[in-house]
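Okay, final_39.cif now, which holds mmCIF, C-alpha atoms and all ligand atoms:
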data_data
#
loop_
_atom_site.label_atom_id
_atom_site.label_comp_id
_atom_site.auth_asym_id
_atom_site.auth_seq_id
_atom_site.Cartn_x
_atom_site.Cartn_y
_atom_site.Cartn_z
CA MET X 1 251.26 198.20 188.44
CA THR X 2 251.57 194.63 189.70
CA ALA X 3 250.24 195.66 193.08
CA PHE X 4 247.21 197.13 191.35
CA LEU X 5 246.52 194.03 189.35
CA SER X 6 246.71 191.71 192.32
CA VAL X 7 244.74 194.10 194.47
CA ASP X 8 242.35 192.51 196.94
CA HIS X 9 238.64 192.47 196.38
CA ASN X 10 237.52 194.73 199.13
CA PRO X 11 236.25 197.95 197.52
CA ILE X 12 236.82 199.89 200.73
CA ALA X 13 240.49 199.02 200.64
CA LEU X 14 240.66 200.07 197.00
CA GLU X 15 239.12 203.39 197.82
CA ALA X 16 242.07 204.30 199.94
CA LYS X 17 244.52 204.07 197.01
CA THR X 18 245.60 207.22 195.30
CA ASP X 19 245.98 206.02 191.73
CA SER X 20 243.30 207.88 189.79
CA VAL X 21 241.98 204.77 188.05
CA LEU X 22 241.32 203.25 191.43
CA LEU X 23 239.22 206.07 192.74
CA LEU X 24 235.62 205.12 193.09
CA SER X 25 232.92 207.53 192.22
CA LEU X 26 229.25 207.41 193.00
CA GLN X 27 228.72 206.82 189.32
CA ASP X 28 230.74 203.59 189.49
CA TYR X 29 228.52 202.24 192.19
CA SER X 30 225.32 203.33 190.48
CA LEU X 31 226.44 201.67 187.22
CA LEU X 32 227.14 198.51 189.14
CA HIS X 33 223.76 198.68 190.77
CA LEU X 34 221.81 199.64 187.67
CA HIS X 35 223.10 196.75 185.64
CA LYS X 36 222.97 194.32 188.54
CA ARG X 37 226.32 193.07 187.42
CA LYS X 38 227.74 190.25 189.41
CA THR X 39 231.26 191.53 189.50
CA PHE X 40 233.05 192.31 192.71
CA THR X 41 234.83 195.44 191.68
CA PRO X 42 233.08 198.56 190.49
CA VAL X 43 232.58 198.50 186.76
CA ASN X 44 235.00 201.23 185.73
CA MET X 45 237.80 199.75 187.77
CA LEU X 46 237.22 196.32 186.35
CA LYS X 47 237.31 197.75 182.86
CA GLU X 48 240.61 199.41 183.68
CA LYS X 49 242.03 196.17 185.01
CA ILE X 50 241.10 194.34 181.81
CA HIS X 51 242.61 197.09 179.66
CA LEU X 52 245.83 196.85 181.64
CA LEU X 53 246.03 193.06 181.44
CA ALA X 54 245.26 193.10 177.70
CA ALA X 55 248.02 195.66 177.18
CA ARG X 56 250.42 193.65 179.32
CA TYR X 57 249.79 190.42 177.38
CA SER X 58 249.53 191.94 173.92
CA ASN X 59 253.14 191.35 172.80
CA ASP X 60 253.11 187.78 173.99
CA MET X 61 249.74 187.15 172.35
CA SER X 62 251.05 188.60 169.07
CA GLU X 63 253.75 185.93 169.26
CA VAL X 64 251.03 183.34 169.76
CA ARG X 65 249.20 184.65 166.70
CA ARG X 66 252.38 184.59 164.62
CA HIS X 67 253.06 181.00 165.60
CA LEU X 68 249.52 179.96 164.70
CA HIS X 69 249.66 181.93 161.46
CA ALA X 70 252.94 180.31 160.43
CA HIS X 71 251.58 176.81 161.20
CA PRO X 72 248.11 176.67 159.65
CA GLU X 73 246.24 173.37 159.35
CA LEU X 74 243.26 172.44 157.19
CA SER X 75 239.80 171.52 158.50
CA GLU X 76 239.78 168.27 160.53
CA LYS X 77 243.60 168.30 160.55
CA GLU X 78 244.14 170.82 163.38
CA LYS X 79 246.30 168.45 165.47
CA GLU X 80 249.35 170.68 166.04
CA THR X 81 247.10 173.70 166.49
CA ALA X 82 245.15 171.87 169.21
CA ALA X 83 248.36 170.71 170.91
CA PHE X 84 249.66 174.28 170.90
CA ILE X 85 246.45 175.61 172.46
CA CYS X 86 246.46 172.86 175.12
CA ALA X 87 250.08 173.69 176.00
CA ARG X 88 249.16 177.35 176.41
CA LEU X 89 246.12 176.53 178.56
CA GLU X 90 248.35 174.38 180.78
CA GLU X 91 250.84 177.21 181.05
CA TYR X 92 248.03 179.54 182.20
CA GLY X 93 246.74 176.91 184.65
CA ILE X 94 243.39 176.46 182.90
CA SER X 95 241.80 173.00 182.82
CA TYR X 96 240.46 171.64 179.56
CA ARG X 97 239.15 168.62 177.68
CA ASN X 98 240.55 167.94 174.21
CA ASN X 99 239.55 165.81 171.19
CA VAL X 100 235.96 167.05 171.40
CA GLY X 101 234.21 166.68 168.03
CA GLY X 102 237.56 166.03 166.33
CA ASN X 103 240.31 168.41 167.37
CA GLY X 104 238.07 170.63 169.50
CA ILE X 105 238.96 171.78 172.99
CA ILE X 106 236.67 172.87 175.83
CA ALA X 107 238.39 174.83 178.60
CA VAL X 108 236.74 175.98 181.79
CA ILE X 109 237.33 178.94 184.08
CA LYS X 110 235.33 178.92 187.28
CA GLY X 111 234.54 182.20 188.95
CA ARG X 112 232.91 182.59 192.33
CA ASP X 113 229.81 180.45 192.69
CA PRO X 114 230.57 178.50 189.48
CA GLU X 115 227.20 176.71 189.46
CA LEU X 116 225.31 179.96 189.12
CA LYS X 117 225.52 180.23 185.32
CA THR X 118 227.73 179.40 182.36
CA ILE X 119 228.77 181.69 179.52
CA ALA X 120 230.46 180.25 176.42
CA LEU X 121 233.05 181.93 174.17
CA ARG X 122 233.96 180.32 170.85
CA ALA X 123 236.88 180.56 168.40
CA ASP X 124 237.40 178.48 165.26
CA MET X 125 240.72 176.78 164.49
CA ASP X 126 241.08 175.72 160.86
CA ALA X 127 242.86 177.28 157.89
CA LEU X 128 242.19 177.28 154.14
CA PRO X 129 243.82 175.66 151.07
CA ILE X 130 245.39 178.92 149.86
CA THR X 131 249.07 179.75 149.21
CA GLU X 132 250.01 182.83 151.21
CA GLN X 133 251.48 185.71 149.23
CA ASN X 134 252.28 188.04 152.13
CA GLU X 135 256.01 188.51 152.64
CA VAL X 136 255.96 188.65 156.42
CA THR X 137 258.16 187.01 159.07
CA TYR X 138 255.21 184.87 160.16
CA LYS X 139 254.31 183.73 156.62
CA SER X 140 252.74 180.27 156.44
CA LEU X 141 255.30 177.46 156.62
CA ASN X 142 252.76 174.86 155.46
CA ALA X 143 252.75 174.86 151.66
CA GLY X 144 249.35 175.61 150.17
CA VAL X 145 247.71 176.22 153.55
CA MET X 146 246.96 179.63 155.04
CA HIS X 147 245.05 181.26 157.87
CA ALA X 148 243.19 183.41 155.34
CA CYS X 149 240.01 183.74 157.39
CA GLY X 150 241.63 185.07 160.56
CA HIS X 151 241.02 181.99 162.67
CA ASP X 152 244.58 182.47 164.01
CA VAL X 153 243.41 185.83 165.40
CA HIS X 154 240.22 184.27 166.80
CA MET X 155 242.16 181.57 168.69
CA THR X 156 244.69 184.13 169.95
CA CYS X 157 241.98 186.47 171.23
CA LEU X 158 240.23 183.62 172.99
CA LEU X 159 243.50 182.46 174.59
CA GLY X 160 244.22 186.05 175.65
CA ALA X 161 240.70 186.43 177.06
CA ALA X 162 241.16 183.12 178.90
CA ARG X 163 244.35 184.40 180.46
CA ILE X 164 242.66 187.62 181.62
CA LEU X 165 239.57 185.82 182.89
CA ASN X 166 241.66 183.29 184.77
CA GLU X 167 243.58 186.10 186.43
CA LEU X 168 240.34 187.86 187.39
CA LYS X 169 238.29 184.79 188.27
CA LEU X 170 237.49 186.05 191.74
CA GLU X 171 235.85 189.06 190.13
CA PHE X 172 232.88 187.30 188.51
CA GLU X 173 230.23 184.76 189.30
CA GLY X 174 229.60 181.63 187.27
CA THR X 175 231.67 179.62 184.84
CA ILE X 176 233.16 180.62 181.52
CA ARG X 177 233.44 177.86 178.94
CA LEU X 178 236.04 178.42 176.23
CA VAL X 179 235.27 176.61 173.00
CA PHE X 180 238.08 176.07 170.48
CA GLN X 181 236.21 174.64 167.51
CA PRO X 182 237.78 172.81 164.56
CA SER X 183 236.63 172.59 160.96
CA GLU X 184 234.50 175.70 160.48
CA GLU X 185 235.37 175.91 156.80
CA LYS X 186 234.21 172.46 155.77
CA PHE X 187 230.75 170.86 155.78
CA PRO X 188 229.29 169.55 158.01
CA GLY X 189 231.45 171.75 160.26
CA GLY X 190 233.00 171.31 163.69
CA ALA X 191 230.18 173.10 165.54
CA LEU X 192 227.75 170.25 164.91
CA ALA X 193 230.37 167.68 165.93
CA MET X 194 231.07 169.54 169.20
CA ILE X 195 227.34 169.97 169.88
CA LYS X 196 226.90 166.20 169.45
CA GLU X 197 229.65 165.72 172.03
CA GLY X 198 227.92 167.99 174.54
CA VAL X 199 229.59 171.39 174.17
CA LEU X 200 226.24 173.05 174.95
CA GLU X 201 225.32 170.74 177.85
CA ASN X 202 226.00 170.20 181.56
CA PRO X 203 224.94 172.86 182.06
CA VAL X 204 223.49 174.59 179.02
CA PRO X 205 225.31 177.95 178.68
CA GLU X 206 223.06 180.97 179.08
CA ARG X 207 224.81 182.76 176.26
CA ILE X 208 227.45 182.10 173.63
CA TYR X 209 229.67 184.64 171.88
CA GLY X 210 231.81 184.37 168.78
CA GLN X 211 234.22 187.00 167.49
CA HIS X 212 235.27 187.13 163.82
CA VAL X 213 237.70 189.41 162.01
CA LEU X 214 236.35 191.91 159.46
CA PRO X 215 238.92 193.19 156.91
CA THR X 216 236.87 196.25 155.93
CA LEU X 217 236.70 197.56 159.50
CA GLU X 218 239.63 199.48 161.00
CA ALA X 219 241.54 197.87 163.87
CA GLY X 220 240.24 199.30 167.13
CA LYS X 221 236.61 199.08 166.04
CA VAL X 222 234.02 196.34 166.41
CA GLY X 223 230.64 195.76 164.75
CA PHE X 224 227.29 194.27 165.74
CA LYS X 225 224.02 193.28 164.07
CA THR X 226 220.96 192.01 165.89
CA GLY X 227 218.70 189.36 164.39
CA LYS X 228 219.45 187.40 161.24
CA TYR X 229 223.04 188.22 160.35
CA MET X 230 224.49 185.51 158.08
CA ALA X 231 222.81 183.29 155.50
CA SER X 232 222.07 179.58 155.35
CA THR X 233 224.18 177.88 152.71
CA ASP X 234 223.55 174.85 150.51
CA GLU X 235 225.68 173.39 147.77
CA ILE X 236 223.83 172.64 144.54
CA TYR X 237 225.12 169.95 142.17
CA LEU X 238 223.35 169.46 138.83
CA THR X 239 224.26 166.79 136.31
CA VAL X 240 222.64 167.30 132.91
CA LYS X 241 222.40 164.12 130.86
CA GLY X 242 221.69 163.85 127.13
CA LYS X 243 223.15 162.15 124.11
CA GLY X 244 226.61 163.18 123.07
CA GLY X 245 227.77 163.11 119.49
CA HIS X 246 229.27 165.00 116.58
CA ALA X 247 228.57 168.70 116.84
CA ALA X 248 227.73 168.71 113.11
CA THR X 249 224.80 166.29 113.61
CA PRO X 250 222.60 167.99 116.21
CA GLU X 251 219.56 166.06 115.03
CA LEU X 252 221.18 162.84 116.31
CA ASN X 253 222.18 164.26 119.73
CA VAL X 254 220.50 165.56 122.87
CA ASP X 255 222.58 168.69 123.42
CA THR X 256 223.61 168.79 127.09
CA VAL X 257 225.44 172.12 126.68
CA LEU X 258 222.31 173.86 125.40
CA ILE X 259 220.18 172.26 128.13
CA ALA X 260 222.68 173.37 130.78
CA SER X 261 222.64 176.92 129.41
CA HIS X 262 218.84 177.07 129.62
CA ILE X 263 218.88 175.65 133.13
CA ILE X 264 221.35 178.28 134.35
CA VAL X 265 219.23 181.09 132.91
CA ALA X 266 215.94 179.58 134.13
CA MET X 267 217.32 179.13 137.65
CA GLN X 268 217.46 182.90 138.02
CA GLN X 269 213.66 182.91 138.18
CA VAL X 270 213.91 180.96 141.45
CA VAL X 271 215.35 184.11 142.98
CA SER X 272 213.61 186.81 140.92
CA ARG X 273 210.12 185.25 140.68
CA SER X 274 209.73 182.73 143.51
CA ALA X 275 211.67 184.16 146.46
CA PRO X 276 209.54 186.26 148.82
CA PRO X 277 210.90 189.78 148.13
CA GLY X 278 211.52 190.39 151.84
CA ILE X 279 213.89 187.46 152.19
CA PRO X 280 217.41 188.00 150.83
CA THR X 281 218.29 185.12 148.52
CA VAL X 282 221.27 184.27 146.33
CA LEU X 283 221.62 181.44 143.82
CA SER X 284 224.99 181.45 142.04
CA PHE X 285 226.68 178.89 139.83
CA GLY X 286 230.47 179.01 139.86
CA ARG X 287 231.44 175.80 138.13
CA VAL X 288 230.23 174.50 134.77
CA ILE X 289 231.98 171.52 133.23
CA ALA X 290 231.09 170.58 129.65
CA ASP X 291 234.05 168.50 128.68
CA GLY X 292 233.47 168.21 124.93
CA ARG X 293 235.42 169.90 122.14
CA THR X 294 234.73 172.33 119.32
CA ASN X 295 233.09 169.52 117.42
CA ILE X 296 232.01 167.14 120.18
CA ILE X 297 228.84 167.50 122.27
CA PRO X 298 229.48 165.79 125.64
CA SER X 299 226.91 163.37 127.02
CA GLN X 300 226.85 165.12 130.38
CA VAL X 301 227.41 168.60 131.80
CA LYS X 302 228.00 169.40 135.46
CA ILE X 303 226.82 172.63 137.06
CA ASP X 304 227.77 173.44 140.69
CA GLY X 305 226.49 176.35 142.70
CA THR X 306 225.43 177.73 146.04
CA PHE X 307 222.01 178.68 147.42
CA ARG X 308 221.81 181.11 150.35
CA THR X 309 218.91 182.62 152.23
CA PHE X 310 217.42 183.52 155.64
CA ASP X 311 214.24 181.49 156.08
CA GLU X 312 213.86 177.75 156.60
CA THR X 313 210.42 177.43 154.98
CA TRP X 314 211.53 179.29 151.89
CA ARG X 315 214.80 177.36 151.88
CA ALA X 316 212.92 174.04 151.67
CA LYS X 317 210.58 175.38 148.97
CA ALA X 318 213.50 176.69 146.94
CA HIS X 319 215.17 173.30 147.03
CA GLU X 320 212.00 171.79 145.52
CA LYS X 321 211.82 174.58 142.94
CA ILE X 322 215.41 173.97 141.85
CA VAL X 323 214.61 170.29 141.23
CA VAL X 324 211.41 171.10 139.32
CA VAL X 325 213.08 173.72 137.08
CA ALA X 326 216.12 171.56 136.35
CA ASN X 327 214.04 168.47 135.55
CA GLY X 328 211.42 170.41 133.59
CA ILE X 329 213.88 172.21 131.33
CA ALA X 330 215.94 169.09 130.73
CA ALA X 331 212.86 166.97 129.95
CA SER X 332 211.44 169.58 127.58
CA MET X 333 214.65 169.33 125.56
CA GLY X 334 214.85 165.53 125.55
CA GLY X 335 217.40 165.13 128.33
CA SER X 336 217.39 164.70 132.09
CA CYS X 337 218.99 166.33 135.08
CA GLU X 338 220.09 164.80 138.37
CA VAL X 339 219.97 167.23 141.27
CA PHE X 340 221.95 166.78 144.48
CA ILE X 341 221.56 169.43 147.17
CA ASP X 342 224.08 169.24 150.00
CA LYS X 343 222.35 171.05 152.85
CA GLY X 344 224.82 173.17 154.78
CA TYR X 345 224.73 175.56 157.74
CA PRO X 346 221.49 177.28 158.78
CA PHE X 347 221.24 181.08 158.89
CA LEU X 348 222.93 182.73 161.87
CA VAL X 349 220.71 184.69 164.23
CA ASN X 350 222.01 187.12 166.82
CA ASP X 351 219.79 187.25 169.90
CA LEU X 352 218.36 190.75 170.37
CA GLU X 353 219.07 191.09 174.08
CA VAL X 354 222.45 189.36 174.08
CA THR X 355 223.63 191.41 171.11
CA ASN X 356 222.35 194.72 172.45
CA ASP X 357 224.05 193.99 175.77
CA ALA X 358 227.31 193.12 174.02
CA LYS X 359 227.11 196.27 171.90
CA GLN X 360 226.54 198.38 175.00
CA LEU X 361 229.47 196.68 176.73
CA ALA X 362 231.68 197.26 173.69
CA ALA X 363 230.77 200.96 173.75
CA GLU X 364 231.76 201.10 177.42
CA TYR X 365 235.02 199.24 176.83
CA LEU X 366 236.13 200.87 173.54
CA GLY X 367 234.11 204.08 173.37
CA ALA X 368 230.87 204.45 171.40
CA GLU X 369 232.80 205.91 168.44
CA ASN X 370 234.49 202.53 167.97
CA VAL X 371 231.32 200.49 167.75
CA VAL X 372 229.54 200.23 164.39
CA ASP X 373 226.35 198.64 163.08
CA LEU X 374 226.80 195.88 160.54
CA GLU X 375 224.81 194.97 157.44
CA GLN X 376 223.29 191.54 156.96
CA ARG X 377 225.57 189.37 154.78
CA MET X 378 225.19 186.34 152.52
CA THR X 379 228.30 184.55 153.79
CA ALA X 380 227.80 181.66 156.20
CA GLU X 381 229.21 180.39 159.48
CA ASP X 382 228.70 177.21 161.45
CA PHE X 383 228.40 179.32 164.61
CA ALA X 384 224.81 179.45 163.26
CA TYR X 385 224.13 176.03 164.84
CA TYR X 386 224.86 177.38 168.31
CA SER X 387 222.68 180.42 167.57
CA HIS X 388 219.65 178.18 166.92
CA MET X 389 220.14 176.36 170.23
CA ILE X 390 220.96 179.06 172.79
CA PRO X 391 220.98 182.89 172.85
CA ALA X 392 224.03 183.93 170.82
CA CYS X 393 226.00 186.90 169.57
CA PHE X 394 228.45 186.72 166.68
CA TYR X 395 230.23 190.04 166.29
CA ARG X 396 233.07 191.47 164.23
CA LEU X 397 236.54 192.62 165.11
CA GLY X 398 238.13 195.27 162.87
CA VAL X 399 241.58 194.24 161.60
CA LYS X 400 242.30 196.81 158.87
CA SER X 401 245.55 198.67 159.31
CA PRO X 402 245.44 202.43 158.68
CA GLY X 403 248.39 202.06 156.30
CA TRP X 404 246.72 199.56 153.99
CA LYS X 405 245.31 201.07 150.79
CA GLU X 406 243.54 197.91 149.64
CA ILE X 407 241.14 195.69 151.53
CA ARG X 408 242.93 192.44 152.34
CA ASN X 409 239.88 190.30 152.12
CA LEU X 410 238.98 187.03 153.80
CA HIS X 411 239.76 183.86 151.83
CA THR X 412 242.44 185.60 149.72
CA SER X 413 246.19 185.00 149.60
CA VAL X 414 246.88 188.52 150.93
CA PHE X 415 244.63 188.50 153.98
CA ASP X 416 246.33 189.85 157.09
CA ALA X 417 245.32 191.46 160.37
CA ASP X 418 246.64 194.54 162.11
CA GLU X 419 247.96 193.00 165.32
CA SER X 420 246.71 195.86 167.46
CA SER X 421 243.32 194.19 167.02
CA ILE X 422 244.45 191.33 169.29
CA GLU X 423 244.64 193.51 172.38
CA VAL X 424 241.18 194.88 171.55
CA GLY X 425 239.71 191.44 170.81
CA MET X 426 240.97 189.64 173.88
CA GLY X 427 240.12 192.47 176.27
CA LEU X 428 236.63 192.93 174.83
CA MET X 429 235.87 189.20 175.00
CA ALA X 430 236.93 189.09 178.63
CA TRP X 431 234.94 192.26 179.41
CA ILE X 432 231.77 190.92 177.75
CA ALA X 433 232.10 187.50 179.39
CA MET X 434 232.53 189.00 182.88
CA ASN X 435 229.68 191.45 182.57
CA ASN X 436 226.74 189.20 181.84
CA TYR X 437 223.97 190.46 183.97
NI NI X 501 235.97 182.41 159.24
#

Could you write out this structure as structure tokens?
Ligand code: NI
Amino acid sequence: MTAFLSVDHNPIALEAKTDSVLLLSLQDYSLLHLHKRKTFTPVNMLKEKIHLLAARYSNDMSEVRRHLHAHPELSEKEKETAAFICARLEEYGISYRNNVGGNGIIAVIKGRDPELKTIALRADMDALPITEQNEVTYKSLNAGVMHACGHDVHMTCLLGAARILNELKLEFEGTIRLVFQPSEEKFPGGALAMIKEGVLENPVPERIYGQHVLPTLEAGKVGFKTGKYMASTDEIYLTVKGKGGHAATPELNVDTVLIASHIIVAMQQVVSRSAPPGIPTVLSFGRVIADGRTNIIPSQVKIDGTFRTFDETWRAKAHEKIVVVANGIAASMGGSCEVFIDKGYPFLVNDLEVTNDAKQLAAEYLGAENVVDLEQRMTAEDFAYYSHMIPACFYRLGVKSPGWKEIRNLHTSVFDADESSIEVGMGLMAWIAMNNY
């Protein structure tokens, strides 16, 4: 098979080979023509080459994933992770720049005519403050830190894709920019830091792709959604102030606990009465601290929550509404409320054309039966920043093992990925990146 993989780039010479995957059909040529793809081997043969390389590298890339999984690092602390990725890139002979926007890395693979266009592929690098409960050989060795959002798989797939693309760099036109991005899990996020340091410049990539694991989707499948896919996210911090005192003398106090309770209930009208019904919106409070006792009313109560939606105008209005409701309720009961809104990531939008192309390519690479449509979701991603600057597609890689009865969800101590997804993820990324037409 080595001879096949290092085959020259003259299609006439390929035609003479007897291996069935090498045989050209009229359909191959018409596909190539129809899509105006700038690859130098007929489409079906190229696909076969990528499948073969992905299969060849899959064991080694599983080792890469296991190393990354066993050595997770928190947001902004991805030093060893970055060093490991750089060492791998050097091993593959791929040039890179490190320390971009913190621990970020930008690697470059130049195809034929590298000035023609640039396509970017992105993977995130950081782990979460969770103690892993999986009893696996590659269990996290860093106490209290775990790759519970699959970023180990994302980095591995991007490294695998890089390896394939580097091997096939005479087969495509343009440049492929590989973006290893730190600190996705922590505001303000590594995407913004890398953008500030020029990750989307010189030249501006025509398209950017991100691939993220999805625990509810079986390994072997991938999912796409055009348009607005993930929500904007803001952290809401309310501090209710009143007059603490003995719980038996309410007439002498301003009861912060009662004010806080009213505020939490009243806030639900922001979603149910003020949000335009066509715009999905969530306002949830997950932390309420009233540190009094059975017989002590505290002088302040803290309420922390999250606000998520899909429209910038409504987002700004909602922020105002939250302030008005909190202040109004508190004032009506003799207290006050300080509101701090920490504005986070914008909503993530998948470009219609880029996403439809990627979906079509995924169907060609994996079979249409392995490509699913996704629902909009209220989780957030800092890939959203890229998606507001250049045409983008953020799609999902199935990682659920057929043997698993329960969903091993993201951000839990039992998250894991079926490693067969790595071969799929790296091959598909390479296939999509090479077939931009
Ligand atoms: Ni993630």

Determine, using all atoms listed in the file, which residues of chain X have any atom at most 8 Å from an atom of ligand NI 501 (chain X), and tabulate each with its shortest atom pair and distance in Å to one decimal place, rows ordered by chain and then rising number, as JSON lines.
{"residue": "X:Asp124", "atom": "CA", "partner": "X:NI501", "partner_atom": "NI", "distance": 7.3}
{"residue": "X:Cys149", "atom": "CA", "partner": "X:NI501", "partner_atom": "NI", "distance": 4.6}
{"residue": "X:Gly150", "atom": "CA", "partner": "X:NI501", "partner_atom": "NI", "distance": 6.4}
{"residue": "X:His151", "atom": "CA", "partner": "X:NI501", "partner_atom": "NI", "distance": 6.1}
{"residue": "X:Glu184", "atom": "CA", "partner": "X:NI501", "partner_atom": "NI", "distance": 7.0}
{"residue": "X:Glu185", "atom": "CA", "partner": "X:NI501", "partner_atom": "NI", "distance": 7.0}
{"residue": "X:His212", "atom": "CA", "partner": "X:NI501", "partner_atom": "NI", "distance": 6.6}
{"residue": "X:Val213", "atom": "CA", "partner": "X:NI501", "partner_atom": "NI", "distance": 7.7}
{"residue": "X:Glu381", "atom": "CA", "partner": "X:NI501", "partner_atom": "NI", "distance": 7.1}
{"residue": "X:Leu410", "atom": "CA", "partner": "X:NI501", "partner_atom": "NI", "distance": 7.7}

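For the pair atom CA of Ala266 of chain X and atom CA of Lys241 of chain X, the interatomic distance is 17.1 Å.
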
task = Quick one: everything within 12 Å of Lys221 of chain X, counting all atoms listed in the file, minus sequence neighbours fewer than 5 positions away in the same chain. Send it as an MDAnalysis selection string.
result = chainID X and resid 213:216 359 362:363 365:374 395:402 418 420:425 428

inquiry  = With distances taken over only C-alpha atoms, which residue among X:Ala260, X:Ala392, X:Ile105, X:Ala54 lies nearest Met429 of chain X?
reply    =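 With only C-alpha atoms as the atom set, the closest residue is X:Ala54.
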
query = Could you tell me, as an MDAnalysis selection string, which residues have any atom at most 12 Å from (217.4, 182.2, 160.9), counting all atoms listed in the file?
reply = chainID X and resid 226:233 279:280 308:315 345:351 376 380 383:389

Using only C-alpha atoms, please write the residues we just selected to a file, as a PDB file, keeping the file's coordinate frame.
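Produced file again.pdb, reproduced below:
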ATOM      1  CA  THR X 226     220.960 192.010 165.890  1.00  0.00           C
ATOM      2  CA  GLY X 227     218.700 189.360 164.390  1.00  0.00           C
ATOM      3  CA  LYS X 228     219.450 187.400 161.240  1.00  0.00           C
ATOM      4  CA  TYR X 229     223.040 188.220 160.350  1.00  0.00           C
ATOM      5  CA  MET X 230     224.490 185.510 158.080  1.00  0.00           C
ATOM      6  CA  ALA X 231     222.810 183.290 155.500  1.00  0.00           C
ATOM      7  CA  SER X 232     222.070 179.580 155.350  1.00  0.00           C
ATOM      8  CA  THR X 233     224.180 177.880 152.710  1.00  0.00           C
ATOM      9  CA  ILE X 279     213.890 187.460 152.190  1.00  0.00           C
ATOM     10  CA  PRO X 280     217.410 188.000 150.830  1.00  0.00           C
ATOM     11  CA  ARG X 308     221.810 181.110 150.350  1.00  0.00           C
ATOM     12  CA  THR X 309     218.910 182.620 152.230  1.00  0.00           C
ATOM     13  CA  PHE X 310     217.420 183.520 155.640  1.00  0.00           C
ATOM     14  CA  ASP X 311     214.240 181.490 156.080  1.00  0.00           C
ATOM     15  CA  GLU X 312     213.860 177.750 156.600  1.00  0.00           C
ATOM     16  CA  THR X 313     210.420 177.430 154.980  1.00  0.00           C
ATOM     17  CA  TRP X 314     211.530 179.290 151.890  1.00  0.00           C
ATOM     18  CA  ARG X 315     214.800 177.360 151.880  1.00  0.00           C
ATOM     19  CA  TYR X 345     224.730 175.560 157.740  1.00  0.00           C
ATOM     20  CA  PRO X 346     221.490 177.280 158.780  1.00  0.00           C
ATOM     21  CA  PHE X 347     221.240 181.080 158.890  1.00  0.00           C
ATOM     22  CA  LEU X 348     222.930 182.730 161.870  1.00  0.00           C
ATOM     23  CA  VAL X 349     220.710 184.690 164.230  1.00  0.00           C
ATOM     24  CA  ASN X 350     222.010 187.120 166.820  1.00  0.00           C
ATOM     25  CA  ASP X 351     219.790 187.250 169.900  1.00  0.00           C
ATOM     26  CA  GLN X 376     223.290 191.540 156.960  1.00  0.00           C
ATOM     27  CA  ALA X 380     227.800 181.660 156.200  1.00  0.00           C
ATOM     28  CA  PHE X 383     228.400 179.320 164.610  1.00  0.00           C
ATOM     29  CA  ALA X 384     224.810 179.450 163.260  1.00  0.00           C
ATOM     30  CA  TYR X 385     224.130 176.030 164.840  1.00  0.00           C
ATOM     31  CA  TYR X 386     224.860 177.380 168.310  1.00  0.00           C
ATOM     32  CA  SER X 387     222.680 180.420 167.570  1.00  0.00           C
ATOM     33  CA  HIS X 388     219.650 178.180 166.920  1.00  0.00           C
ATOM     34  CA  MET X 389     220.140 176.360 170.230  1.00  0.00           C
TER      35      MET X 389
END

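Among the candidates X:Gly344, X:Gly104, X:Gly190, X:Gly160, the one nearest to Arg56 of chain X when counting only C-alpha atoms is X:Gly160.
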
inquiry  = Ranking X:Lys405, X:Val145, X:Leu53, X:Phe307 by minimum distance to Lys77 of chain X and counting all atoms listed in the file, which one comes first?
reply    =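 Of the candidates, the smallest distance to Lys77 of chain X is held by X:Val145.
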
query = For Asp304 of chain X, which residue out of X:Val270, X:Val282, X:Met333, X:Ile236 is the nearest one, using only C-alpha atoms?
reply = X:Ile236

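Atom CA of Leu168 of chain X sits 15.8 Å away from atom CA of Ala107 of chain X.
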
task = Mind checking which residues fall within 8 Å of segment 193-207 of chain X, counting only C-alpha atoms, ignoring those fewer than 4 positions away in the same chain, and posting them as a count of residues only?
result = 18

request  = Quick one: pull the distance between atom CA of Thr239 of chain X and atom CA of Met267 of chain X, Å, one decimal.
outcome  =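 Atom-to-atom, atom CA of Thr239 of chain X to atom CA of Met267 of chain X, that is 14.2 Å.
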
task = Determine, counting only C-alpha atoms, which protein, DNA and RNA residues have an atom within 6 Å of an atom of Ser299 of chain X; residues of the same chain fewer than 3 positions away are not included. Present the result as number ranges by chain.
result = X: 241-244

request  = Name all residues at most 12 Å from Asp255 of chain X (count all atoms listed in the file; drop same-chain ones fewer than 2 positions away) and give them as a PyMOL selection string.
outcome  = chain X and resi 240-253+257-262+290+292+296-301+330-336

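Excluding Val64 of chain X itself and any same-chain residue fewer than 2 positions from it, the protein and nucleic acid residues within 12 Å of it, counting only C-alpha atoms, are Tyr57, Ser58, Asn59, Asp60, Met61, Ser62, Arg66, His67, Leu68, His69, Ala70, His71, Thr81, Phe84, Ile85, Ala87, Arg88, Tyr138, Asp152, Val153, His154, Met155, Thr156, Cys157, Leu158, Leu159, Gly160, Glu419 and Ile422 of chain X.
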